[in-house]
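Report on one structure; see the data block that follows.
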Amino acid sequence: MKLIKQALLALSFGLIPLSASASITSPELDKEYFILSQPQQTDSPGKIEVTEFFFYGCPHCNLLDPLITEWVKKQGSAISFKRVHVDFGQGQQSTQRLYFTLEAMGKLEQMHALIFKAIHQDRQYLRTDLDVLNFVTSNGIDRQKYLEISKSFSIEAKLRRAKAMQEAYKIDGVPTLFVDGHYMTSPSVITNAYPGMPEAEGARSDLVVLDALVAKAQKDHGLKK
């Protein structure tokens, strides 16, 4: 009898995070998501734009990245997804330039996960432009071409655009996700709403919120699901 009671007690505690996660099938405003006081113009007419603000050195972004990557694949043509590498002035400048340079070179898909792995598993911190240059060349990127593009006018323009977006969206932490330039959510929003929820579950649950917000934005614009 004692063992049965212990088992039932363990099961009841085990259901706590599951029941919390299950409730997110109907996300609540000001709990699992927020509305921007000043909605931002998006660049994807006819589609719902989902924007992730992140930086490579962020462990929370590293945790979310494979989940959000898989989520985006499942969305297919229903959304337009963009990432914006932020710069908080705390050593993110080199990897921010790296991100936009690889994007311009058409090498981002090849390198994106490798950068997270290098920083968070292999402890290659990539804090300086030289660190970054050595890293990309060791992974088959042409050194001279990378240098030329990384210092080009177009990359400088992308960096200015990223700074403007970071300020317009009032980003003070990452990862942070926006749907249609209007709705905001993040794994930390979810774990704050459900104290005690593990970070990994908060990240997975945030994808459920994103599903609901994309559907909401589609309804707002009269788009088909």
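Every chain in the structure tokens takes a letter, A first, then B, and so on in the order presented; its residues are numbered from 1, and the ligands are numbered from 1 following the presented order.
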**Item:** Neighbour list for range 30-40 of chain A as a list in words, cut-off 7 Å, only C-alpha atoms, skip fewer than 2 positions in-chain
**Value:** Pro27, Glu28, Thr42, Gly181, His182, Tyr183, Met184, Thr185, Val189, Ile190 and Ala193 of chain A
**Message:** I need the residues in range 56-167 of chain A that are strand (DSSP E or B) according to DSSP; give them as a ChimeraX atom specification.
**Reply:** /A:79-85
Those same residues - C-alpha atoms - I'd like them written as a CSV table (one decimal), in the first residue's frame.
```csv
chain,number,residue,atom,x,y,z
A,79,ILE,CA,5.3,31.6,-42.8
A,80,SER,CA,8.3,33.7,-43.6
A,81,PHE,CA,11.0,33.2,-41.0
A,82,LYS,CA,13.9,35.5,-40.3
A,83,ARG,CA,16.6,35.6,-37.6
A,84,VAL,CA,18.2,38.8,-36.4
A,85,HIS,CA,21.5,38.5,-34.6
```
Give me the residues within 12 Å of Pro175 in chain A as a PDB file with C-alpha atoms, in the first residue's frame, counting only C-alpha atoms and dropping any in the same chain fewer than 6 places off.
```pdb
ATOM      1  CA  THR A  51      11.209  36.830 -36.393  1.00  0.00           C
ATOM      2  CA  GLU A  52      13.689  35.439 -33.875  1.00  0.00           C
ATOM      3  CA  PHE A  53      16.156  37.746 -32.152  1.00  0.00           C
ATOM      4  CA  PHE A  54      19.177  35.787 -30.938  1.00  0.00           C
ATOM      5  CA  PHE A  55      22.944  35.677 -30.661  1.00  0.00           C
ATOM      6  CA  TYR A  56      25.275  32.727 -31.058  1.00  0.00           C
ATOM      7  CA  GLY A  57      26.834  32.944 -27.610  1.00  0.00           C
ATOM      8  CA  CYS A  58      23.466  32.719 -25.830  1.00  0.00           C
ATOM      9  CA  PRO A  59      22.942  29.289 -24.175  1.00  0.00           C
ATOM     10  CA  HIS A  60      19.164  29.745 -24.255  1.00  0.00           C
ATOM     11  CA  CYS A  61      19.319  30.393 -28.011  1.00  0.00           C
ATOM     12  CA  ASN A  62      21.455  27.288 -28.378  1.00  0.00           C
ATOM     13  CA  LEU A  63      18.793  25.229 -26.601  1.00  0.00           C
ATOM     14  CA  LEU A  64      15.980  26.625 -28.731  1.00  0.00           C
ATOM     15  CA  ASP A  65      17.752  26.521 -32.095  1.00  0.00           C
ATOM     16  CA  ILE A  68      12.781  26.314 -33.835  1.00  0.00           C
ATOM     17  CA  ARG A  83      16.598  35.633 -37.635  1.00  0.00           C
ATOM     18  CA  VAL A  84      18.182  38.837 -36.367  1.00  0.00           C
ATOM     19  CA  HIS A  85      21.520  38.472 -34.580  1.00  0.00           C
ATOM     20  CA  VAL A  86      21.587  41.146 -31.875  1.00  0.00           C
ATOM     21  CA  MET A 184       5.755  38.553 -28.781  1.00  0.00           C
ATOM     22  CA  THR A 185       6.648  35.383 -26.913  1.00  0.00           C
ATOM     23  CA  SER A 186       9.759  33.556 -25.710  1.00  0.00           C
ATOM     24  CA  PRO A 187      10.745  30.475 -23.715  1.00  0.00           C
ATOM     25  CA  SER A 188      11.430  32.721 -20.715  1.00  0.00           C
ATOM     26  CA  VAL A 189       7.897  34.133 -20.949  1.00  0.00           C
ATOM     27  CA  ALA A 203      11.244  26.058 -25.177  1.00  0.00           C
ATOM     28  CA  ASP A 206       6.760  28.076 -26.747  1.00  0.00           C
TER      29      ASP A 206
END
```
**Request:** Would you please work out which residue, of A:Gln124, A:Gly91, A:Asp180, A:Ala113, is nearest to Thr69 in chain A when using only C-alpha atoms?
**Result:**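 Answer, going by the shortest atom-to-atom distance: A:Ala113.
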**Message:** Env of Leu126 in chain A: 12 Å cut, atoms = only C-alpha atoms, seq-sep filter 5 positions within chain, self excluded. Answer as a ChimeraX atom specification.
**Reply:** /A:55-57,91-98,115-120,131-136
**Asked** When you draw a straight line from CA of Ile141 in chain A to CA of Pro66 in chain A, how long is it in Å?
**Response**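 Those two atoms sit 23.0 Å apart.
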**Message:** Can you measure CA of Val209 in chain A to CA of Tyr99 in chain A for me? One decimal in Å is fine.
**Reply:**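 Those two atoms sit 26.8 Å apart.
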**Request:** State, in Å with one decimal place, the distance from CA of Phe178 in chain A to CA of Glu49 in chain A.
**Result:**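 Between CA of Phe178 in chain A and CA of Glu49 in chain A the gap works out to 8.1 Å.
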**Asked** Can you list, as a ChimeraX atom specification, every protein, DNA or RNA residue that comes within 8 Å of Phe100 in chain A when you count only C-alpha atoms, leaving out same-chain residues fewer than 2 positions away?
**Response** /A:96-98,102-104,150,155,158-159
How about saving the chosen residues, C-alpha atoms kept, as a PDB file, in the first residue's frame?
```pdb
ATOM      1  CA  GLN A  96      26.827  39.286 -35.587  1.00  0.00           C
ATOM      2  CA  ARG A  97      29.030  40.195 -38.551  1.00  0.00           C
ATOM      3  CA  LEU A  98      29.680  36.475 -39.080  1.00  0.00           C
ATOM      4  CA  LEU A 102      27.483  33.925 -44.152  1.00  0.00           C
ATOM      5  CA  GLU A 103      23.921  34.854 -45.074  1.00  0.00           C
ATOM      6  CA  ALA A 104      25.213  37.040 -47.904  1.00  0.00           C
ATOM      7  CA  SER A 150      32.360  40.922 -44.247  1.00  0.00           C
ATOM      8  CA  ILE A 155      27.045  44.028 -44.574  1.00  0.00           C
ATOM      9  CA  LYS A 158      22.626  44.875 -42.555  1.00  0.00           C
ATOM     10  CA  LEU A 159      24.314  45.646 -39.226  1.00  0.00           C
TER      11      LEU A 159
END
```
**Request:** Find, counting only C-alpha atoms, the residue in A:Leu177, A:Gln218, A:Ile149, A:Asp87 that gets nearest to Arg161 in chain A.
**Result:** A:Asp87
**Message:** Just checking: using only C-alpha atoms, which residue out of A:Ser26, A:Thr137, A:Gln41, A:Asp122 ends up closest to Met165 in chain A?
**Reply:** A:Gln41
